[in-house]
Structure formats: structure tokens, C-alpha cells
$ cat query-v5.tsv   # TSV, C-alpha atoms and all ligand atoms
chain	number	residue	atom	x	y	z
Q	18	MET	CA	117.52	128.39	62.44
Q	19	SER	CA	115.96	129.51	65.69
Q	20	PRO	CA	112.39	130.62	65.59
Q	21	ILE	CA	112.20	134.37	66.01
Q	22	GLY	CA	111.10	135.29	69.47
Q	23	SER	CA	112.75	132.27	71.07
Q	24	THR	CA	115.59	132.92	73.50
Q	25	ASP	CA	118.06	131.37	70.99
Q	26	ALA	CA	117.42	134.20	68.53
Q	27	TYR	CA	118.99	136.63	71.01
Q	28	SER	CA	121.84	134.38	72.19
Q	29	PRO	CA	125.41	135.79	72.24
Q	30	ASP	CA	126.37	134.09	68.96
Q	31	THR	CA	123.46	135.70	67.10
Q	32	SER	CA	124.67	138.25	64.58
Q	33	ILE	CA	121.50	139.48	62.86
Q	34	VAL	CA	117.84	139.18	63.76
Q	35	VAL	CA	115.27	140.26	61.18
Q	36	GLU	CA	111.81	140.01	62.67
Q	37	ASN	CA	108.64	140.44	60.58
Q	38	VAL	CA	110.26	143.27	58.65
Q	39	THR	CA	108.23	145.17	56.07
Q	40	LYS	CA	109.30	148.16	53.97
Q	41	THR	CA	106.70	149.92	51.88
Q	42	PHE	CA	107.42	152.21	48.94
Q	43	SER	CA	105.14	154.35	46.79
Q	44	LEU	CA	104.85	153.99	43.07
Q	45	ARG	CA	104.03	157.45	41.74
Q	46	TYR	CA	102.42	157.67	38.30
Q	47	HIS	CA	102.77	161.39	37.72
Q	48	ARG	CA	105.71	163.70	38.15
Q	49	THR	CA	104.43	167.25	38.09
Q	50	PHE	CA	101.90	169.06	40.24
Q	51	LYS	CA	99.81	169.72	37.12
Q	52	GLN	CA	99.76	166.03	36.14
Q	53	VAL	CA	98.75	165.02	39.67
Q	54	THR	CA	95.97	167.64	39.77
Q	55	VAL	CA	94.59	166.58	36.36
Q	56	ALA	CA	94.71	162.89	37.35
Q	57	LYS	CA	92.90	163.57	40.62
Q	58	PHE	CA	90.29	165.65	38.78
Q	59	ARG	CA	89.70	162.68	36.44
Q	60	GLY	CA	89.45	160.32	39.38
Q	61	GLN	CA	92.62	158.43	38.38
Q	62	ARG	CA	95.05	156.93	40.89
Q	63	THR	CA	98.15	159.03	41.39
Q	64	LYS	CA	100.14	156.47	43.38
Q	65	ASP	CA	100.17	152.92	44.63
Q	66	GLU	CA	101.98	151.41	47.55
Q	67	PHE	CA	103.80	148.10	47.54
Q	68	ASN	CA	105.95	146.14	49.96
Q	69	ALA	CA	109.53	145.95	48.66
Q	70	VAL	CA	110.29	143.79	51.73
Q	71	ASP	CA	107.25	141.93	52.99
Q	72	ASP	CA	107.08	140.39	56.47
Q	73	VAL	CA	110.58	138.88	56.30
Q	74	SER	CA	112.01	137.01	59.30
Q	75	PHE	CA	115.28	135.14	59.79
Q	76	THR	CA	118.19	134.90	62.22
Q	77	VAL	CA	121.89	134.75	61.32
Q	78	LYS	CA	124.58	133.39	63.60
Q	79	GLN	CA	127.98	135.09	63.88
Q	80	GLY	CA	130.28	133.68	61.18
Q	81	GLU	CA	127.57	132.45	58.82
Q	82	SER	CA	127.94	133.45	55.19
Q	83	ILE	CA	124.62	134.14	53.58
Q	84	GLY	CA	123.94	134.38	49.86
Q	85	LEU	CA	120.98	136.68	49.25
Q	86	MET	CA	119.41	135.87	45.91
Q	87	GLY	CA	116.30	136.70	43.94
Q	88	LEU	CA	115.22	138.18	40.64
Q	89	ASN	CA	115.59	141.87	39.81
Q	90	GLY	CA	113.40	144.02	42.02
Q	91	SER	CA	112.76	141.25	44.55
Q	92	GLY	CA	113.98	143.45	47.44
Q	93	LYS	CA	117.57	142.32	48.03
Q	94	SER	CA	119.17	145.78	48.14
Q	95	THR	CA	116.32	147.13	50.22
Q	96	LEU	CA	116.79	144.34	52.76
Q	97	LEU	CA	120.53	145.00	52.89
Q	98	THR	CA	119.91	148.70	53.47
Q	99	LEU	CA	117.58	147.82	56.35
Q	100	ILE	CA	120.22	145.55	57.90
Q	101	ASN	CA	122.85	148.22	57.43
Q	102	GLY	CA	120.57	150.70	59.23
Q	103	THR	CA	120.54	153.32	56.47
Q	104	MET	CA	116.79	152.82	56.20
Q	105	LYS	CA	114.28	151.90	58.89
Q	106	PRO	CA	111.55	149.28	58.40
Q	107	ASP	CA	107.92	150.41	58.44
Q	108	SER	CA	107.13	147.50	60.70
Q	109	GLY	CA	109.10	144.75	62.38
Q	110	GLN	CA	112.63	145.12	63.68
Q	111	VAL	CA	116.22	144.52	62.66
Q	112	LEU	CA	118.81	143.81	65.34
Q	113	THR	CA	122.53	143.55	64.58
Q	114	ARG	CA	125.52	142.84	66.79
Q	115	GLY	CA	128.82	144.65	66.24
Q	116	ARG	CA	130.23	146.90	63.55
Q	117	ILE	CA	128.85	146.66	60.02
Q	118	ALA	CA	130.93	147.41	56.95
Q	119	GLY	CA	130.53	146.66	53.31
Q	120	LEU	CA	129.65	147.93	49.91
Q	121	ILE	CA	125.97	148.48	49.29
Q	122	ALA	CA	125.90	150.81	46.31
Q	123	THR	CA	128.73	151.73	43.99
Q	124	GLY	CA	129.95	155.19	44.81
Q	125	ALA	CA	127.60	155.60	47.79
Q	126	GLY	CA	129.11	157.78	50.48
Q	127	PHE	CA	131.70	159.32	48.16
Q	128	HIS	CA	131.93	163.07	47.73
Q	129	PRO	CA	132.19	163.59	43.96
Q	130	GLN	CA	134.29	166.74	44.17
Q	131	LEU	CA	136.89	165.28	46.51
Q	132	SER	CA	139.80	163.18	45.31
Q	133	GLY	CA	139.96	159.44	45.82
Q	134	ARG	CA	142.59	160.07	48.49
Q	135	ASP	CA	140.34	162.44	50.46
Q	136	ASN	CA	137.38	160.12	50.00
Q	137	ILE	CA	139.36	157.29	51.57
Q	138	TYR	CA	139.66	159.36	54.77
Q	139	LEU	CA	136.03	160.51	54.56
Q	140	ASN	CA	134.59	157.06	53.92
Q	141	ALA	CA	136.80	155.35	56.48
Q	142	ALA	CA	135.61	157.89	59.06
Q	143	VAL	CA	132.00	157.01	58.21
Q	144	PHE	CA	132.89	153.38	58.96
Q	145	GLY	CA	134.29	154.54	62.31
Q	146	LEU	CA	138.04	154.54	61.63
Q	147	THR	CA	140.14	157.27	63.21
Q	148	GLU	CA	142.50	159.34	61.05
Q	149	GLU	CA	145.47	157.42	62.49
Q	150	GLU	CA	143.85	154.06	61.70
Q	151	THR	CA	143.15	155.20	58.15
Q	152	LYS	CA	146.76	156.41	57.74
Q	153	ASP	CA	147.98	152.98	58.83
Q	154	ARG	CA	145.73	151.25	56.29
Q	155	PHE	CA	146.03	153.81	53.50
Q	156	ASP	CA	148.63	151.89	51.49
Q	157	ASP	CA	146.61	148.67	51.70
Q	158	ILE	CA	143.49	150.50	50.58
Q	159	ALA	CA	145.19	152.35	47.72
Q	160	GLY	CA	147.07	149.18	46.73
Q	161	PHE	CA	143.90	147.11	46.62
Q	162	ALA	CA	141.95	149.73	44.65
Q	163	ASP	CA	144.91	149.99	42.25
Q	164	ILE	CA	143.59	153.02	40.36
Q	165	GLY	CA	147.02	154.62	39.92
Q	166	ARG	CA	147.20	158.37	39.28
Q	167	HIS	CA	143.40	158.66	39.47
Q	168	LEU	CA	143.70	158.51	43.25
Q	169	ASP	CA	144.32	162.26	43.20
Q	170	SER	CA	141.52	163.21	40.82
Q	171	PRO	CA	137.87	163.85	41.80
Q	172	VAL	CA	135.81	160.72	42.37
Q	173	GLY	CA	133.00	162.30	40.32
Q	174	ASN	CA	135.12	161.61	37.24
Q	175	TYR	CA	135.66	157.93	38.05
Q	176	SER	CA	134.14	155.17	36.00
Q	177	SER	CA	131.66	152.96	37.90
Q	178	GLY	CA	134.31	150.22	38.00
Q	179	MET	CA	136.84	152.60	39.57
Q	180	SER	CA	134.34	153.78	42.21
Q	181	SER	CA	133.54	150.20	42.99
Q	182	ARG	CA	137.25	149.34	43.36
Q	183	LEU	CA	137.80	152.21	45.76
Q	184	GLY	CA	134.61	151.48	47.73
Q	185	PHE	CA	135.45	147.82	48.12
Q	186	ALA	CA	139.08	148.55	49.02
Q	187	ILE	CA	137.95	150.82	51.88
Q	188	ALA	CA	135.16	148.54	53.14
Q	189	ILE	CA	137.30	145.43	53.17
Q	190	ASN	CA	139.96	147.18	55.25
Q	191	VAL	CA	137.52	148.08	58.02
Q	192	ASP	CA	137.46	145.76	61.03
Q	193	CYS	CA	133.88	144.65	61.26
Q	194	ASP	CA	131.65	141.88	62.58
Q	195	ILE	CA	129.23	141.91	59.65
Q	196	PHE	CA	130.28	142.46	56.04
Q	197	LEU	CA	127.56	143.32	53.51
Q	198	ALA	CA	128.31	143.08	49.81
Q	199	ASP	CA	125.71	144.03	47.22
Q	200	GLU	CA	126.57	142.87	43.72
Q	201	LEU	CA	130.06	144.20	44.10
Q	202	LEU	CA	131.23	141.92	41.34
Q	203	ALA	CA	128.78	143.41	38.85
Q	204	VAL	CA	130.98	146.25	37.58
Q	205	GLY	CA	134.60	145.25	38.26
Q	206	ASP	CA	136.79	143.66	35.61
Q	207	LYS	CA	137.74	140.00	35.86
Q	208	PRO	CA	141.11	140.35	37.66
Q	209	PHE	CA	139.47	142.66	40.21
Q	210	LYS	CA	136.55	140.29	40.70
Q	211	ARG	CA	139.00	137.47	41.43
Q	212	LYS	CA	140.82	139.68	43.95
Q	213	CYS	CA	137.50	140.58	45.64
Q	214	MET	CA	136.43	136.96	45.83
Q	215	SER	CA	139.60	135.88	47.59
Q	216	LYS	CA	139.40	138.86	49.96
Q	217	MET	CA	135.81	137.94	50.76
Q	218	GLU	CA	136.90	134.38	51.43
Q	219	GLU	CA	139.36	135.81	53.96
Q	220	VAL	CA	136.50	137.77	55.55
Q	221	ARG	CA	134.37	134.64	55.70
Q	222	ASP	CA	137.17	132.50	57.11
Q	223	SER	CA	137.97	135.08	59.79
Q	224	GLY	CA	134.60	134.40	61.46
Q	225	ARG	CA	132.82	137.53	60.35
Q	226	THR	CA	129.22	137.33	59.20
Q	227	LEU	CA	128.99	137.73	55.44
Q	228	PHE	CA	125.93	138.84	53.56
Q	229	TYR	CA	126.52	138.52	49.85
Q	230	VAL	CA	123.99	139.60	47.21
Q	231	SER	CA	124.62	138.00	43.86
Q	232	HIS	CA	122.95	136.65	40.76
Q	233	ALA	CA	126.00	134.46	40.06
Q	234	ALA	CA	125.26	130.96	41.30
Q	235	GLY	CA	128.89	129.83	41.14
Q	236	SER	CA	130.22	132.57	43.39
Q	237	VAL	CA	127.36	132.10	45.88
Q	238	ARG	CA	128.17	128.39	45.97
Q	239	ARG	CA	131.86	129.15	46.54
Q	240	MET	CA	131.28	131.83	49.15
Q	241	CYS	CA	128.17	130.95	51.14
Q	242	ASP	CA	126.92	128.27	53.48
Q	243	ARG	CA	123.26	129.31	53.39
Q	244	VAL	CA	121.01	130.95	50.84
Q	245	LEU	CA	118.00	133.23	51.27
Q	246	VAL	CA	115.80	133.78	48.23
Q	247	LEU	CA	113.50	136.78	48.03
Q	248	GLU	CA	110.43	136.68	45.81
Q	249	ASN	CA	108.52	139.94	45.42
Q	250	GLY	CA	109.76	141.02	48.82
Q	251	ARG	CA	108.85	137.79	50.62
Q	252	LEU	CA	111.30	135.20	51.86
Q	253	GLY	CA	110.68	132.31	49.50
Q	254	PHE	CA	113.56	130.08	50.57
Q	255	ASP	CA	115.98	129.87	53.49
Q	256	GLY	CA	118.43	127.00	53.69
Q	257	ASP	CA	120.93	124.89	51.80
Q	258	VAL	CA	122.95	126.63	49.06
Q	259	ASP	CA	122.37	124.06	46.29
Q	260	GLU	CA	118.69	123.83	47.04
Q	261	GLY	CA	118.39	127.60	47.11
Q	262	ILE	CA	120.06	127.87	43.72
Q	263	LYS	CA	117.80	125.12	42.33
Q	264	TYR	CA	114.84	126.97	43.79
Q	265	LEU	CA	115.74	129.84	41.47
Q	266	HIS	CA	115.98	127.43	38.48
Q	267	TYR	CA	119.56	128.06	37.57
Q	268	ASP	CA	121.02	126.23	34.60
Q	269	SER	CA	123.41	123.79	36.29
Q	270	ASP	CA	125.77	123.71	33.27
Q	271	ASP	CA	126.72	127.34	33.84
Q	272	GLU	CA	127.50	126.93	37.49
Q	273	ASN	CA	130.68	124.88	37.15
Q	274	ASN	CA	132.44	127.30	34.87
Q	275	ASP	CA	134.83	129.37	36.95
Q	276	ASP	CA	134.96	132.24	34.46
Q	277	ASP	CA	131.20	132.39	34.16
Q	278	GLU	CA	130.68	132.26	37.88
Q	279	LEU	CA	132.68	135.43	38.33
Q	280	GLY	CA	130.62	137.39	35.92
Q	281	ALA	CA	127.49	135.55	34.93
Q	282	ASP	CA	124.13	136.91	35.92
Q	283	VAL	CA	120.89	135.03	35.71
V	301	LIG	N1	113.47	154.52	47.32
V	301	LIG	C1	112.58	153.80	46.63
V	301	LIG	N2	111.37	154.30	46.32
V	301	LIG	C2	110.45	153.57	45.63
V	301	LIG	N3	110.67	152.31	45.22
V	301	LIG	C3	111.87	151.76	45.50
V	301	LIG	C4	112.89	152.46	46.22
V	301	LIG	N4	113.98	151.65	46.33
V	301	LIG	C5	113.64	150.49	45.73
V	301	LIG	N5	112.39	150.55	45.23
V	301	LIG	C6	111.67	149.48	44.56
V	301	LIG	O1	111.65	148.38	45.45
V	301	LIG	C7	111.74	147.16	44.72
V	301	LIG	C8	112.91	146.36	45.24
V	301	LIG	O2	114.11	147.03	44.86
V	301	LIG	P1	115.54	146.46	45.23
V	301	LIG	O3	116.56	147.41	44.70
V	301	LIG	O4	115.57	146.16	46.69
V	301	LIG	O5	115.57	145.07	44.43
V	301	LIG	P2	116.79	144.10	44.13
V	301	LIG	O6	116.30	142.73	44.44
V	301	LIG	O7	118.02	144.55	44.83
V	301	LIG	O8	116.93	144.26	42.56
V	301	LIG	P3	118.20	144.09	41.56
V	301	LIG	O9	118.51	142.63	41.48
V	301	LIG	O10	117.65	144.63	40.27
V	301	LIG	O11	119.32	144.93	42.11
V	301	LIG	C9	111.85	147.55	43.25
V	301	LIG	O12	110.57	147.47	42.67
V	301	LIG	C10	112.32	148.99	43.30
V	301	LIG	O13	111.86	149.70	42.18

$ encode --input "query-v5.tsv" --output "C-alpha cells"
Amino acid sequence: MSPIGSTDAYSPDTSIVVENVTKTFSLRYHRTFKQVTVAKFRGQRTKDEFNAVDDVSFTVKQGESIGLMGLNGSGKSTLLTLINGTMKPDSGQVLTRGRIAGLIATGAGFHPQLSGRDNIYLNAAVFGLTEEETKDRFDDIAGFADIGRHLDSPVGNYSSGMSSRLGFAIAINVDCDIFLADELLAVGDKPFKRKCMSKMEEVRDSGRTLFYVSHAAGSVRRMCDRVLVLENGRLGFDGDVDEGIKYLHYDSDDENNDDDELGADV
């Protein structure tokens, strides 16, 4: 990996540069105005700040597939949201090259009162597809989501698995340079997870940059050629997949089981 700040980090085959990125959130201890006032009167703390992403730096080359791992709350989703541009870092910078697509949160970007069909057009437009492009891809999207008659009912009534199917089906049909996937296998059923994995392999093999958040060691091993491990917001490990998984102390017996790898969490 090129050191950040070197000319290599900004070379034409660089896909993502994350440079000393920090994102700070507040932990609030009281909800109401009255509680806050009483706490202040008693000299108690009403909030604390912490770095969900803490001075993280790395560079990704176009076509690399990165497994982003770490325990719950270590900052994976926050980092993905910063790469995606939905949130801005408090310090440092994130640079990306090309169009970004992917599934960051189940149901994010869907309008609950619109049907699945209308949401396909809405969501595809957010990803930058024209109406014509979406029409051309509609059958592929609906076919991949495979939610049958529910396509014409409001997305607000969908189960989390159904929202995830629709979200993934749209995202995977967008032409992009960087594909971000945050625990997309967490809610789907097993046949859908298998379908997603082979689609993601297609994405990886087509030369797009893949950023894949997962707790499942087996699927990271199958999908990725490099692992980043976050620990309390800091980058604890960046390198070889097996070593990254060992770094997180996975039980190696679980990793070889194909069924487990599609669903197992740490
Ligand atoms: N908008 C927010 N405001 C305050 N705290 C937040 C916000 N979003 C995330 N956090 C906190 O930031 C930390 C990192 O959260 P994040 O969702 O990035 O972790 P994660 O590694 O993706 O976790 P998981 O594996 O459980 O999905 C957590 O402590 C979380 O509570």
C-alpha cells in the first residue's frame, strides 16, 4: 500500500484514498430538556464525545476487494458512510474515483409509502440511472429481488429481508466503479445469500472495487483479497485476508463450512 501523501496514492489506478479520517459522535445521557437541566444543575455530565472512526488512513487500488471487519460498534458502517459520501469526516479527507453504488443500510433510500416498483425507479435515479436505463434493467432488478406480487405493495410493509432483496437487486444493477456492501447477507435467507455472493463475485471479477463489511470469515475469505480490521474506530490491521481473520481470533473450524460461512457471525 502506498503511503498516504505520496504521489502513488493519487495515481490513476487509485480508487479510494482515506487520509487521517476522524468522525466524532456525541453520547447523550439524557433525553428531555428537564433531565438535561437537572443534570447540569447537579454538575453531572450530559454528554460525552467519542471517535467512531479515529485517524484512519489507507489507499485502495481500482479492482481490489476489501473485507472490512471488526467487532460490533468498531466503526465499520460509519467508515462506509464516509466513503459513500453520505456523511463528512470531522477531520481528514476521503477521495473516491468514479461512481459508487451499493447497499449500506437495509431499506435506506426507500420511500415507505411507495410500491417496490416505484422505489426501483426512485432508488435507481438516486444512483444516477435515467428512467430509460431503469426501464431497460427493470426485469433484471425485479427478477433478482424475486418478491413476487409484493412488488406492487408499499415498501413500508416489507419484511427486512424483502427490503434487503430489493435494495441489493437495484444496487447490483447499477454500473459503478466502487461497490459498497454492508452486511447485506445478514438478513437474507440462504438461497438469496448464495445468489448475492455469486453476483458479488461477478462484481469483483469485473474489475470494480469492492468494499465488503462482514462478520462471516468464510465469505470474506471467498470474496476479498485484503482485509481491514477496525478496533474502536482505529485501523488495527490492514493486509492479508487470513492474517486479518486470525487477528480477530476467529475459530478456524467454522471457516471451512460453506453453510456457516454464508450466515455465521462472530
Ligand atoms: N449517528 C450517530 N450518532 C451517535 N453515535 C453513532 C451514530 N452512528 C453510529 N454511532 C456509534 O458509533 C459507533 C460505531 O458504529 P458503527 O455502526 O459504525 O459500528 P459497526 O462496526 O458498523 O457495528 P456493527 O458491527 O454492530 O454493525 C457505535 O458506538 C455507534 O453507537

$ closest_residue --input "query-v5.tsv" --among "Q:Ser170, Q:Thr39, Q:Ser177, Q:Thr95" --to "ligand LIG 301 (chain V)" --atoms "all atoms listed in the file"
Q:Thr95

$ atom_distance --input "query-v5.tsv" --atom1 "CA of Lys152 (chain Q)" --atom2 "CA of Phe209 (chain Q)"
23.4 Å

$ residues_near_ligand --input "query-v5.tsv" --ligand "ligand LIG 301 (chain V)" --cutoff "6 Å" --atoms "only C-alpha atoms and all ligand atoms" --output "list in words"
Phe42, Ser43, Ala69, Leu88, Asn89, Gly90, Ser91, Gly92, Lys93, Ser94 and Thr95 of chain Q

$ closest_atom_pairs --input "query-v5.tsv" --of "region 30-113 of chain Q" --to "region 181-194 of chain Q" --cutoff "10 Å" --atoms "only C-alpha atoms" --output "tab-separated table"
residue	atom	partner	partner_atom	distance
Q:Ser32	CA	Q:Asp194	CA	8.1
Q:Gln79	CA	Q:Asp194	CA	7.8
Q:Gly80	CA	Q:Asp194	CA	8.4
Q:Thr113	CA	Q:Asp194	CA	9.5

$ residues_around --input "query-v5.tsv" --residues "Tyr264 (chain Q)" --least-positions-apart "4" --cutoff "10 Å" --atoms "all atoms listed in the file" --output "PDB file with C-alpha atoms, in the coordinates of the input"
ATOM      1  CA  GLY Q  87     116.300 136.700  43.940  1.00  0.00           C
ATOM      2  CA  VAL Q 246     115.800 133.780  48.230  1.00  0.00           C
ATOM      3  CA  GLY Q 253     110.680 132.310  49.500  1.00  0.00           C
ATOM      4  CA  PHE Q 254     113.560 130.080  50.570  1.00  0.00           C
ATOM      5  CA  VAL Q 258     122.950 126.630  49.060  1.00  0.00           C
ATOM      6  CA  ASP Q 259     122.370 124.060  46.290  1.00  0.00           C
ATOM      7  CA  GLU Q 260     118.690 123.830  47.040  1.00  0.00           C
TER       8      GLU Q 260
END

$ residues_around --input "query-v5.tsv" --residues "Glu66 (chain Q)" --least-positions-apart "6" --cutoff "12 Å" --atoms "all atoms listed in the file" --output "NGL selection string"
:Q and (40-46)
